[in-house]
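See below for the structure under consideration.
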Amino acid sequence: MVRLNLIPRRPTGRVVVRGGLITSTLLKLGPELNPDPFFDDPGLWALGEGWSIDQNTAKVSGIQTGNVHCQLQNILEPQTLYQVECTLPVINAGRMRQGAGSGEFGAWQTEPVFNLIEVMNTLDGVLHLRVTGDTDAIGDCTFLSVREVLVR
């Protein structure tokens, strides 16, 4: 399993990696793979307890009883490196994070964050793109993007 936590930068710019062997790299990205990065079509998304989509915003309400996802199912490939970017403009309670695959999740966020970029390697099994709210999270996600990292 490869996991790189990135300091947010522009998607095709110089990237500094924390806690890894690579100190910098230049990413080349494939096309957008999320058919609905701005939440225009609520029918595409699988919504867990407490999640809704309204006016191009995925919202988690705080009524959920565990870590619950708003996700697009089976859009990723196993053993593939992806750049996942999201915007969480509102976090009123609890924590939220983005994720790709079955075990790859970004760091929990407790404050609003714009253009959060992380690189994740999917594992075999669950191949979903998701945003997650913890047990008492109340917040919004307005953008969720996933693009394959192409080796140069």
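In the structure tokens, chains take the letters A, B, ... in the order shown, each chain's residues start at 1, and ligands count up from 1 in the order shown.
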
What are the closest atom pairs, with distances in Å to one decimal, for each residue of range 74-112 of chain A lying within 6 Å of range 119-143 of chain A, using only C-alpha atoms, rows by chain and rising residue number, as a Markdown table?
| residue | atom | partner | partner_atom | distance |
| --- | --- | --- | --- | --- |
| A:Asn74 | CA | A:Leu127 | CA | 4.8 |
| A:Leu76 | CA | A:Leu127 | CA | 5.0 |
| A:Pro78 | CA | A:Asp124 | CA | 5.0 |
| A:Gln79 | CA | A:Thr122 | CA | 5.1 |
| A:Thr80 | CA | A:Asn121 | CA | 5.4 |
| A:Leu81 | CA | A:Asn121 | CA | 4.3 |
| A:Tyr82 | CA | A:Met120 | CA | 5.3 |
| A:Gln83 | CA | A:Val119 | CA | 4.4 |
| A:Cys86 | CA | A:Phe143 | CA | 5.1 |
| A:Thr87 | CA | A:Phe143 | CA | 5.1 |
| A:Leu88 | CA | A:Cys141 | CA | 4.6 |
| A:Val90 | CA | A:Gly139 | CA | 4.9 |
| A:Ile91 | CA | A:Gly139 | CA | 4.2 |
| A:Asn92 | CA | A:Ile138 | CA | 5.3 |
| A:Ala93 | CA | A:Ala137 | CA | 5.0 |
| A:Gly94 | CA | A:Ala137 | CA | 3.9 |
| A:Arg95 | CA | A:Ala137 | CA | 5.4 |
| A:Met96 | CA | A:Gly133 | CA | 4.5 |
| A:Arg97 | CA | A:Thr132 | CA | 5.3 |
| A:Gln98 | CA | A:Val131 | CA | 4.3 |
| A:Gly99 | CA | A:Arg130 | CA | 5.1 |
| A:Ala100 | CA | A:Leu129 | CA | 4.7 |
| A:Gly101 | CA | A:Leu127 | CA | 4.2 |
| A:Ser102 | CA | A:Val126 | CA | 4.6 |

Same residues, N, CA and C atoms, output as a PDB file, in the first residue's frame:
ATOM      1  N   ASN A  74     -17.830   1.965  -7.156  1.00  0.00           N
ATOM      2  CA  ASN A  74     -17.136   1.213  -8.204  1.00  0.00           C
ATOM      3  C   ASN A  74     -16.739   2.042  -9.417  1.00  0.00           C
ATOM      4  N   LEU A  76     -13.477   3.347  -9.460  1.00  0.00           N
ATOM      5  CA  LEU A  76     -12.017   3.319  -9.437  1.00  0.00           C
ATOM      6  C   LEU A  76     -11.503   1.933  -9.813  1.00  0.00           C
ATOM      7  N   PRO A  78      -8.513  -1.143  -9.073  1.00  0.00           N
ATOM      8  CA  PRO A  78      -7.643  -1.587  -7.979  1.00  0.00           C
ATOM      9  C   PRO A  78      -6.181  -1.286  -8.270  1.00  0.00           C
ATOM     10  N   GLN A  79      -5.422  -1.109  -7.187  1.00  0.00           N
ATOM     11  CA  GLN A  79      -3.972  -0.907  -7.260  1.00  0.00           C
ATOM     12  C   GLN A  79      -3.594   0.242  -8.199  1.00  0.00           C
ATOM     13  N   THR A  80      -4.314   1.346  -8.105  1.00  0.00           N
ATOM     14  CA  THR A  80      -4.094   2.506  -8.960  1.00  0.00           C
ATOM     15  C   THR A  80      -3.923   3.742  -8.092  1.00  0.00           C
ATOM     16  N   LEU A  81      -3.013   4.616  -8.486  1.00  0.00           N
ATOM     17  CA  LEU A  81      -2.742   5.839  -7.748  1.00  0.00           C
ATOM     18  C   LEU A  81      -3.643   6.956  -8.261  1.00  0.00           C
ATOM     19  N   TYR A  82      -4.373   7.607  -7.352  1.00  0.00           N
ATOM     20  CA  TYR A  82      -5.301   8.674  -7.702  1.00  0.00           C
ATOM     21  C   TYR A  82      -5.011   9.938  -6.914  1.00  0.00           C
ATOM     22  N   GLN A  83      -5.276  11.081  -7.543  1.00  0.00           N
ATOM     23  CA  GLN A  83      -5.319  12.351  -6.819  1.00  0.00           C
ATOM     24  C   GLN A  83      -6.788  12.631  -6.526  1.00  0.00           C
ATOM     25  N   CYS A  86     -10.988  17.757  -2.791  1.00  0.00           N
ATOM     26  CA  CYS A  86     -12.338  18.116  -2.347  1.00  0.00           C
ATOM     27  C   CYS A  86     -12.340  19.491  -1.692  1.00  0.00           C
ATOM     28  N   THR A  87     -13.535  20.052  -1.616  1.00  0.00           N
ATOM     29  CA  THR A  87     -13.766  21.299  -0.906  1.00  0.00           C
ATOM     30  C   THR A  87     -14.826  21.042   0.154  1.00  0.00           C
ATOM     31  N   LEU A  88     -14.475  21.323   1.406  1.00  0.00           N
ATOM     32  CA  LEU A  88     -15.369  21.188   2.552  1.00  0.00           C
ATOM     33  C   LEU A  88     -15.543  22.587   3.153  1.00  0.00           C
ATOM     34  N   VAL A  90     -17.909  24.007   4.864  1.00  0.00           N
ATOM     35  CA  VAL A  90     -18.588  24.125   6.157  1.00  0.00           C
ATOM     36  C   VAL A  90     -18.344  22.853   6.959  1.00  0.00           C
ATOM     37  N   ILE A  91     -17.794  22.997   8.156  1.00  0.00           N
ATOM     38  CA  ILE A  91     -17.742  21.907   9.134  1.00  0.00           C
ATOM     39  C   ILE A  91     -18.145  22.538  10.459  1.00  0.00           C
ATOM     40  N   ASN A  92     -19.418  22.359  10.814  1.00  0.00           N
ATOM     41  CA  ASN A  92     -19.944  22.986  12.025  1.00  0.00           C
ATOM     42  C   ASN A  92     -19.758  22.127  13.271  1.00  0.00           C
ATOM     43  N   ALA A  93     -19.574  20.823  13.077  1.00  0.00           N
ATOM     44  CA  ALA A  93     -19.363  19.915  14.211  1.00  0.00           C
ATOM     45  C   ALA A  93     -18.703  18.656  13.673  1.00  0.00           C
ATOM     46  N   GLY A  94     -18.020  17.948  14.548  1.00  0.00           N
ATOM     47  CA  GLY A  94     -17.419  16.685  14.163  1.00  0.00           C
ATOM     48  C   GLY A  94     -16.295  16.837  13.159  1.00  0.00           C
ATOM     49  N   ARG A  95     -16.082  15.757  12.354  1.00  0.00           N
ATOM     50  CA  ARG A  95     -14.972  15.727  11.413  1.00  0.00           C
ATOM     51  C   ARG A  95     -15.444  15.156  10.075  1.00  0.00           C
ATOM     52  N   MET A  96     -14.750  15.566   8.998  1.00  0.00           N
ATOM     53  CA  MET A  96     -15.040  15.063   7.659  1.00  0.00           C
ATOM     54  C   MET A  96     -13.721  14.736   6.961  1.00  0.00           C
ATOM     55  N   ARG A  97     -13.778  13.809   5.980  1.00  0.00           N
ATOM     56  CA  ARG A  97     -12.597  13.476   5.193  1.00  0.00           C
ATOM     57  C   ARG A  97     -13.023  12.880   3.855  1.00  0.00           C
ATOM     58  N   GLN A  98     -12.073  12.859   2.925  1.00  0.00           N
ATOM     59  CA  GLN A  98     -12.295  12.274   1.612  1.00  0.00           C
ATOM     60  C   GLN A  98     -11.639  10.908   1.573  1.00  0.00           C
ATOM     61  N   GLY A  99     -12.071  10.078   0.613  1.00  0.00           N
ATOM     62  CA  GLY A  99     -11.474   8.751   0.534  1.00  0.00           C
ATOM     63  C   GLY A  99     -11.599   8.149  -0.849  1.00  0.00           C
ATOM     64  N   ALA A 100     -10.703   7.197  -1.130  1.00  0.00           N
ATOM     65  CA  ALA A 100     -10.716   6.461  -2.392  1.00  0.00           C
ATOM     66  C   ALA A 100     -10.403   5.009  -2.092  1.00  0.00           C
ATOM     67  N   GLY A 101     -11.234   4.106  -2.565  1.00  0.00           N
ATOM     68  CA  GLY A 101     -10.994   2.695  -2.334  1.00  0.00           C
ATOM     69  C   GLY A 101     -11.479   2.252  -0.971  1.00  0.00           C
ATOM     70  N   SER A 102     -11.036   1.062  -0.572  1.00  0.00           N
ATOM     71  CA  SER A 102     -11.561   0.479   0.662  1.00  0.00           C
ATOM     72  C   SER A 102     -10.856   0.955   1.918  1.00  0.00           C
TER      73      SER A 102
END

**OP:** Give me every strand (DSSP E) residue in range 98-139 of chain A, going by DSSP on the backbone, as an MDAnalysis selection string.
**Re:** chainID A and resid 98:100 104:105 113:121 129:133 138:139

Those same residues, written as a JSON list (two decimals), in the first residue's frame with N, CA and C atoms?
[["chain", "number", "residue", "atom", "x", "y", "z"],
["A", 98, "GLN", "N", -12.07, 12.86, 2.92],
["A", 98, "GLN", "CA", -12.30, 12.27, 1.61],
["A", 98, "GLN", "C", -11.64, 10.91, 1.57],
["A", 99, "GLY", "N", -12.07, 10.08, 0.61],
["A", 99, "GLY", "CA", -11.47, 8.75, 0.53],
["A", 99, "GLY", "C", -11.60, 8.15, -0.85],
["A", 100, "ALA", "N", -10.70, 7.20, -1.13],
["A", 100, "ALA", "CA", -10.72, 6.46, -2.39],
["A", 100, "ALA", "C", -10.40, 5.01, -2.09],
["A", 104, "GLU", "N", -8.27, 3.70, 1.91],
["A", 104, "GLU", "CA", -7.52, 4.95, 1.74],
["A", 104, "GLU", "C", -8.40, 6.15, 2.07],
["A", 105, "PHE", "N", -8.07, 6.83, 3.14],
["A", 105, "PHE", "CA", -8.81, 8.01, 3.54],
["A", 105, "PHE", "C", -7.83, 9.14, 3.84],
["A", 113, "VAL", "N", -12.05, 23.57, 4.64],
["A", 113, "VAL", "CA", -10.86, 23.43, 3.82],
["A", 113, "VAL", "C", -11.27, 23.53, 2.34],
["A", 114, "PHE", "N", -10.47, 24.25, 1.57],
["A", 114, "PHE", "CA", -10.74, 24.45, 0.15],
["A", 114, "PHE", "C", -9.61, 23.83, -0.65],
["A", 115, "ASN", "N", -9.96, 23.10, -1.70],
["A", 115, "ASN", "CA", -8.98, 22.47, -2.58],
["A", 115, "ASN", "C", -8.00, 21.59, -1.82],
["A", 116, "LEU", "N", -8.50, 20.75, -0.93],
["A", 116, "LEU", "CA", -7.69, 19.76, -0.22],
["A", 116, "LEU", "C", -7.29, 18.69, -1.23],
["A", 117, "ILE", "N", -5.99, 18.46, -1.41],
["A", 117, "ILE", "CA", -5.50, 17.51, -2.40],
["A", 117, "ILE", "C", -4.69, 16.43, -1.69],
["A", 118, "GLU", "N", -5.03, 15.17, -1.94],
["A", 118, "GLU", "CA", -4.27, 14.04, -1.40],
["A", 118, "GLU", "C", -4.15, 12.98, -2.50],
["A", 119, "VAL", "N", -3.05, 12.24, -2.48],
["A", 119, "VAL", "CA", -2.84, 11.15, -3.42],
["A", 119, "VAL", "C", -3.05, 9.85, -2.67],
["A", 120, "MET", "N", -3.86, 8.95, -3.26],
["A", 120, "MET", "CA", -4.22, 7.71, -2.59],
["A", 120, "MET", "C", -4.09, 6.55, -3.56],
["A", 121, "ASN", "N", -3.64, 5.41, -3.06],
["A", 121, "ASN", "CA", -3.53, 4.19, -3.85],
["A", 121, "ASN", "C", -4.67, 3.27, -3.45],
["A", 129, "LEU", "N", -15.35, 6.27, -4.56],
["A", 129, "LEU", "CA", -14.92, 7.63, -4.24],
["A", 129, "LEU", "C", -15.91, 8.15, -3.21],
["A", 130, "ARG", "N", -15.40, 8.71, -2.09],
["A", 130, "ARG", "CA", -16.34, 9.08, -1.03],
["A", 130, "ARG", "C", -15.88, 10.28, -0.22],
["A", 131, "VAL", "N", -16.87, 10.91, 0.39],
["A", 131, "VAL", "CA", -16.62, 11.88, 1.45],
["A", 131, "VAL", "C", -17.33, 11.31, 2.67],
["A", 132, "THR", "N", -16.67, 11.40, 3.83],
["A", 132, "THR", "CA", -17.15, 10.74, 5.04],
["A", 132, "THR", "C", -17.33, 11.77, 6.15],
["A", 133, "GLY", "N", -18.40, 11.61, 6.90],
["A", 133, "GLY", "CA", -18.61, 12.38, 8.13],
["A", 133, "GLY", "C", -18.58, 11.43, 9.31],
["A", 138, "ILE", "N", -21.43, 17.65, 11.17],
["A", 138, "ILE", "CA", -22.39, 18.51, 10.47],
["A", 138, "ILE", "C", -21.56, 19.37, 9.53],
["A", 139, "GLY", "N", -21.77, 19.19, 8.23],
["A", 139, "GLY", "CA", -20.95, 19.94, 7.28],
["A", 139, "GLY", "C", -21.35, 19.72, 5.84]]

Neighbouring residues of Asp54 in chain A were defined as those with any atom within 10 Å, considering only C-alpha atoms; residues of the same chain fewer than 5 positions away were excluded. Please report them as a compact mmCIF listing (two decimals) with N, CA and C atoms, in the first residue's frame.
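Ended up saving to result00.txt:
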# COMPACT_ATOMS: atom_id res chain seq x y z
N PHE A 39 -21.87 17.68 -7.62
CA PHE A 39 -23.12 17.20 -7.03
C PHE A 39 -24.36 17.74 -7.76
N ASP A 40 -24.30 17.74 -9.11
CA ASP A 40 -25.44 18.18 -9.92
C ASP A 40 -26.55 17.15 -9.99
N ASP A 41 -26.21 15.85 -9.89
CA ASP A 41 -27.18 14.77 -10.05
C ASP A 41 -27.21 13.89 -8.80
N PRO A 42 -28.09 14.19 -7.84
CA PRO A 42 -28.14 13.41 -6.60
C PRO A 42 -28.37 11.92 -6.82
N LYS A 59 -24.53 17.28 1.99
CA LYS A 59 -24.61 17.74 3.38
C LYS A 59 -24.74 16.55 4.32
